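S.K.: This is the structure, below, for whatever I ask next.
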Amino acid sequence: MPLKIIHPRHTEVMGTGLVLISSPPVIGAKRDLYTGQISEEVALLSRSWAIIAREIKQDQEGDKALQAGSDFDKSVQTFVGEYGIKCIIMIIGTSELGIMIKAHPDDSTSEEILEIIRSGLEPHFSTRVTDLRPEDSSSQLLPIVRLELGPDERGFTKDQFVNSIADIVGLINTRLGFSESNKSSSGVLD
C-alpha cells in the first residue's frame, strides 16, 4: 500500500522512479478545473512520486492562496533534491477541449520525453503541443511537461487518461535510466 503524507496545504504520495506527478494549487474561479484526484490515481497506478495541492476554498484567496503556492513550490523543490527526480509532469485542468501539452525542450532528453508523452496520448486523445512561456521555464533545471486536461479528459475519458499516463511514466523512467532493480528499500536510487 503506497504511503500518503497529508500536509495542511498538499498531499505527498511516496513512490519510486525519477518522475514526479504534480497537481499545483487551483485558485479562484477555476476551482472546477481541479485535477488532484486524477494526479493521485496516476501516481498510484504508476507507483511514482506525487505532490498534490489541496483545493483552495473561495474564502482563502489572497495571502493564503499565495502562501499555498509558495509552500507547494518549496515542496516540489525538496522532492526534486531529496529523491533524485529528473522529470516533472504537471497535470492541471482547462476549459478548452482536448489535452494541451506544454513544454520547453532545451536538450535531447527533454525532446525525447515530450515525444514519449505526445505519442502516448495521441492515439486516444486530441492533443496540441505548445511551448511554455519563457518565464515558466527560465529557472528549470529538469524537464517539466504541463498537461492541461479539457472537460472530457477530466470526466468521460479520465480512466483512459490515467492508464495512458501511467504507462508513459514507466517509459520515461526507463528512458531516464530507472529500473526496479537499481533502487534501495527506501525507494531512492542506490
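Residues are named by chain letter and number: chains run A, B, ... in the order of the C-alpha cells, numbers start at 1 in each chain, and ligands are numbered from 1 in the order shown.
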Could you give me, as JSON lines, a per-residue list for segment 37-125 of chain A showing, wherever an atom lies at most 10 Å from an atom of segment 140-163 of chain A, the closest pair of atoms and their distance in Å to one decimal, using only C-alpha atoms and sorting by chain then residue number from low to high?
M.R.:
```
{"residue": "A:Gln37", "atom": "CA", "partner": "A:Arg154", "partner_atom": "CA", "distance": 9.7}
{"residue": "A:Ile38", "atom": "CA", "partner": "A:Val162", "partner_atom": "CA", "distance": 6.8}
{"residue": "A:Ser39", "atom": "CA", "partner": "A:Val162", "partner_atom": "CA", "distance": 8.1}
{"residue": "A:Glu40", "atom": "CA", "partner": "A:Val162", "partner_atom": "CA", "distance": 9.4}
{"residue": "A:Glu41", "atom": "CA", "partner": "A:Val162", "partner_atom": "CA", "distance": 6.7}
{"residue": "A:Val42", "atom": "CA", "partner": "A:Val162", "partner_atom": "CA", "distance": 5.2}
{"residue": "A:Ala43", "atom": "CA", "partner": "A:Val162", "partner_atom": "CA", "distance": 9.0}
{"residue": "A:Leu44", "atom": "CA", "partner": "A:Val162", "partner_atom": "CA", "distance": 9.9}
{"residue": "A:Leu45", "atom": "CA", "partner": "A:Asn163", "partner_atom": "CA", "distance": 7.6}
{"residue": "A:Ser46", "atom": "CA", "partner": "A:Asn163", "partner_atom": "CA", "distance": 8.6}
{"residue": "A:Val80", "atom": "CA", "partner": "A:Leu142", "partner_atom": "CA", "distance": 9.2}
{"residue": "A:Ile85", "atom": "CA", "partner": "A:Leu142", "partner_atom": "CA", "distance": 8.5}
{"residue": "A:Lys86", "atom": "CA", "partner": "A:Leu142", "partner_atom": "CA", "distance": 5.8}
{"residue": "A:Cys87", "atom": "CA", "partner": "A:Pro143", "partner_atom": "CA", "distance": 5.0}
{"residue": "A:Ile88", "atom": "CA", "partner": "A:Ile144", "partner_atom": "CA", "distance": 4.7}
{"residue": "A:Ile89", "atom": "CA", "partner": "A:Val145", "partner_atom": "CA", "distance": 5.0}
{"residue": "A:Met90", "atom": "CA", "partner": "A:Arg146", "partner_atom": "CA", "distance": 4.6}
{"residue": "A:Ile91", "atom": "CA", "partner": "A:Leu147", "partner_atom": "CA", "distance": 4.9}
{"residue": "A:Ile92", "atom": "CA", "partner": "A:Glu148", "partner_atom": "CA", "distance": 4.9}
{"residue": "A:Gly93", "atom": "CA", "partner": "A:Leu149", "partner_atom": "CA", "distance": 4.7}
{"residue": "A:Thr94", "atom": "CA", "partner": "A:Gly150", "partner_atom": "CA", "distance": 5.1}
{"residue": "A:Ser95", "atom": "CA", "partner": "A:Gly150", "partner_atom": "CA", "distance": 5.5}
{"residue": "A:Glu96", "atom": "CA", "partner": "A:Gly150", "partner_atom": "CA", "distance": 5.2}
{"residue": "A:Leu97", "atom": "CA", "partner": "A:Gly150", "partner_atom": "CA", "distance": 4.6}
{"residue": "A:Gly98", "atom": "CA", "partner": "A:Gly150", "partner_atom": "CA", "distance": 5.0}
{"residue": "A:Ile99", "atom": "CA", "partner": "A:Leu149", "partner_atom": "CA", "distance": 4.9}
{"residue": "A:Met100", "atom": "CA", "partner": "A:Glu148", "partner_atom": "CA", "distance": 5.0}
{"residue": "A:Ile101", "atom": "CA", "partner": "A:Leu147", "partner_atom": "CA", "distance": 4.9}
{"residue": "A:Lys102", "atom": "CA", "partner": "A:Arg146", "partner_atom": "CA", "distance": 5.0}
{"residue": "A:Ala103", "atom": "CA", "partner": "A:Val145", "partner_atom": "CA", "distance": 4.8}
{"residue": "A:His104", "atom": "CA", "partner": "A:Ile144", "partner_atom": "CA", "distance": 7.6}
{"residue": "A:Pro105", "atom": "CA", "partner": "A:Pro143", "partner_atom": "CA", "distance": 7.2}
{"residue": "A:Asp106", "atom": "CA", "partner": "A:Pro143", "partner_atom": "CA", "distance": 8.4}
{"residue": "A:Asp107", "atom": "CA", "partner": "A:Pro143", "partner_atom": "CA", "distance": 9.0}
{"residue": "A:Thr109", "atom": "CA", "partner": "A:Pro143", "partner_atom": "CA", "distance": 7.9}
{"residue": "A:Ser110", "atom": "CA", "partner": "A:Pro143", "partner_atom": "CA", "distance": 5.4}
{"residue": "A:Glu111", "atom": "CA", "partner": "A:Pro143", "partner_atom": "CA", "distance": 8.9}
{"residue": "A:Ile113", "atom": "CA", "partner": "A:Pro143", "partner_atom": "CA", "distance": 7.8}
{"residue": "A:Leu114", "atom": "CA", "partner": "A:Val145", "partner_atom": "CA", "distance": 7.2}
{"residue": "A:Ile117", "atom": "CA", "partner": "A:Val145", "partner_atom": "CA", "distance": 8.8}
{"residue": "A:Gly120", "atom": "CA", "partner": "A:Phe161", "partner_atom": "CA", "distance": 10.0}
{"residue": "A:Leu121", "atom": "CA", "partner": "A:Phe161", "partner_atom": "CA", "distance": 7.8}
{"residue": "A:His124", "atom": "CA", "partner": "A:Gln160", "partner_atom": "CA", "distance": 7.8}
{"residue": "A:Phe125", "atom": "CA", "partner": "A:Glu153", "partner_atom": "CA", "distance": 8.2}
```
S.K.: Hey, what does DSSP flag as alpha helix (DSSP H) within chain A? Can you give it to me as a ChimeraX atom specification?
M.R.: /A:36-46,63-83,108-121,134-137,151-154,158-175
S.K.: So the first atom is atom CA of Val13 of chain A and the second is atom CA of Ala53 of chain A; what is the distance between them in Å, to one decimal place?
M.R.: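 Going from atom CA of Val13 of chain A over to atom CA of Ala53 of chain A covers 11.4 Å.
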S.K.: Using only C-alpha atoms, find the one residue out of A:Ser108, A:Thr11, A:Thr127, A:Thr16 that sits nearest to Ser75 of chain A.
M.R.: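 The answer is A:Thr11, which sits nearest to Ser75 of chain A.
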S.K.: Applying 7 Å and only C-alpha atoms, which residues near Arg54 of chain A remain after dropping the ones on its own chain fewer than 3 positions away? List them as a list in words.
M.R.: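 Skipping anything fewer than 3 positions along the chain leaves Arg9, His10 and Pro25 of chain A.
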S.K.: Now that the selection is made, can you save its residues with all heavy atoms as a tab-separated table (two decimals), in the first residue's frame?
M.R.:
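Contents of part.tsv, as written:
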```tsv
chain	number	residue	atom	x	y	z
A	9	ARG	N	-1.63	21.92	3.31
A	9	ARG	CA	-1.95	22.51	2.00
A	9	ARG	C	-1.72	21.57	0.82
A	9	ARG	O	-2.01	21.93	-0.32
A	9	ARG	CB	-1.14	23.78	1.81
A	9	ARG	CG	-1.56	24.87	2.77
A	9	ARG	CD	-0.92	26.18	2.41
A	9	ARG	NE	-1.45	27.24	3.22
A	9	ARG	CZ	-0.77	27.86	4.16
A	9	ARG	NH1	0.48	27.56	4.38
A	9	ARG	NH2	-1.33	28.83	4.85
A	10	HIS	N	-1.15	20.39	1.06
A	10	HIS	CA	-0.93	19.45	-0.03
A	10	HIS	C	-0.77	18.03	0.51
A	10	HIS	O	-0.61	17.84	1.72
A	10	HIS	CB	0.28	19.84	-0.88
A	10	HIS	CG	1.59	19.72	-0.17
A	10	HIS	ND1	2.10	20.71	0.63
A	10	HIS	CD2	2.49	18.71	-0.13
A	10	HIS	CE1	3.27	20.32	1.13
A	10	HIS	NE2	3.52	19.11	0.67
A	25	PRO	N	-1.69	24.18	-6.99
A	25	PRO	CA	-2.91	24.79	-6.44
A	25	PRO	C	-3.75	25.46	-7.52
A	25	PRO	O	-3.23	26.05	-8.46
A	25	PRO	CB	-2.39	25.85	-5.47
A	25	PRO	CG	-0.95	25.56	-5.26
A	25	PRO	CD	-0.48	24.76	-6.42
```
S.K.: By how many Å are atom CA of Leu20 of chain A and atom CA of Leu171 of chain A apart?
M.R.: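 One can read the atom CA of Leu20 of chain A to atom CA of Leu171 of chain A distance as 13.6 Å.
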S.K.: Which one is closest to Ala166 of chain A: A:Ile21, A:Val76, A:Met14, A:Leu3? Count only C-alpha atoms.
M.R.: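 Checking each of A:Ile21, A:Val76, A:Met14, A:Leu3 against Ala166 of chain A, counting only C-alpha atoms, the winner is A:Ile21.
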S.K.: Have a look at A:Lys4, A:Ser179, A:Ile51, A:Asp167 and name the one nearest to Asp71 of chain A; count only C-alpha atoms.
M.R.: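 Among A:Lys4, A:Ser179, A:Ile51, A:Asp167, it is A:Ile51 that comes nearest to Asp71 of chain A.
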S.K.: Nearest to Leu33 of chain A among A:Glu122, A:Asp73, A:Glu55, A:Glu112, with distances taken over only C-alpha atoms: which residue is it?
M.R.: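 Among the listed residues, the smallest separation from Leu33 of chain A belongs to A:Glu55.
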S.K.: I need the residues in segment 97-189 of chain A that are strand (DSSP E) according to DSSP; give them as an mmCIF file with N, CA and C atoms, in the first residue's frame.
M.R.:
```cif
data_model
loop_
_atom_site.group_PDB
_atom_site.id
_atom_site.type_symbol
_atom_site.label_atom_id
_atom_site.label_comp_id
_atom_site.auth_asym_id
_atom_site.auth_seq_id
_atom_site.Cartn_x
_atom_site.Cartn_y
_atom_site.Cartn_z
ATOM 1 N N ILE A 99 -6.288 17.861 -24.911
ATOM 2 C CA ILE A 99 -5.159 17.961 -23.987
ATOM 3 C C ILE A 99 -4.120 18.881 -24.607
ATOM 4 N N MET A 100 -3.774 19.906 -23.885
ATOM 5 C CA MET A 100 -2.703 20.818 -24.304
ATOM 6 C C MET A 100 -1.432 20.343 -23.594
ATOM 7 N N ILE A 101 -0.412 20.030 -24.383
ATOM 8 C CA ILE A 101 0.873 19.598 -23.849
ATOM 9 C C ILE A 101 1.818 20.782 -23.964
ATOM 10 N N LYS A 102 2.272 21.293 -22.825
ATOM 11 C CA LYS A 102 3.159 22.450 -22.829
ATOM 12 C C LYS A 102 4.513 22.039 -22.266
ATOM 13 N N ALA A 103 5.545 22.334 -23.019
ATOM 14 C CA ALA A 103 6.901 22.007 -22.588
ATOM 15 C C ALA A 103 7.859 22.973 -23.242
ATOM 16 N N THR A 127 -4.700 16.140 -29.053
ATOM 17 C CA THR A 127 -3.625 16.834 -28.343
ATOM 18 C C THR A 127 -3.094 18.000 -29.169
ATOM 19 N N ARG A 128 -2.575 18.985 -28.472
ATOM 20 C CA ARG A 128 -1.874 20.108 -29.080
ATOM 21 C C ARG A 128 -0.611 20.327 -28.253
ATOM 22 N N VAL A 129 0.500 20.545 -28.923
ATOM 23 C CA VAL A 129 1.770 20.778 -28.244
ATOM 24 C C VAL A 129 2.144 22.238 -28.433
ATOM 25 N N THR A 130 2.452 22.909 -27.328
ATOM 26 C CA THR A 130 2.912 24.295 -27.394
ATOM 27 C C THR A 130 4.124 24.471 -26.491
ATOM 28 N N ASP A 131 4.814 25.553 -26.708
ATOM 29 C CA ASP A 131 5.997 25.887 -25.921
ATOM 30 C C ASP A 131 5.566 26.644 -24.671
ATOM 31 N N ILE A 144 10.138 19.715 -17.505
ATOM 32 C CA ILE A 144 8.815 19.902 -16.912
ATOM 33 C C ILE A 144 7.815 19.919 -18.058
ATOM 34 N N VAL A 145 6.849 19.015 -17.984
ATOM 35 C CA VAL A 145 5.803 18.952 -19.003
ATOM 36 C C VAL A 145 4.485 19.237 -18.296
ATOM 37 N N ARG A 146 3.762 20.179 -18.851
ATOM 38 C CA ARG A 146 2.480 20.598 -18.275
ATOM 39 C C ARG A 146 1.372 20.054 -19.157
ATOM 40 N N LEU A 147 0.494 19.227 -18.581
ATOM 41 C CA LEU A 147 -0.637 18.664 -19.315
ATOM 42 C C LEU A 147 -1.909 19.351 -18.840
ATOM 43 N N GLU A 148 -2.557 20.058 -19.754
ATOM 44 C CA GLU A 148 -3.796 20.761 -19.431
ATOM 45 C C GLU A 148 -4.955 19.941 -19.983
ATOM 46 N N LEU A 149 -5.766 19.401 -19.089
ATOM 47 C CA LEU A 149 -6.847 18.492 -19.460
ATOM 48 C C LEU A 149 -8.153 19.232 -19.662
#
```
S.K.: Measuring between only C-alpha atoms, which one of A:Pro8, A:Ile116, A:Arg47, A:Ser22 shows the shortest distance to Gln77 of chain A?
M.R.: A:Ser22
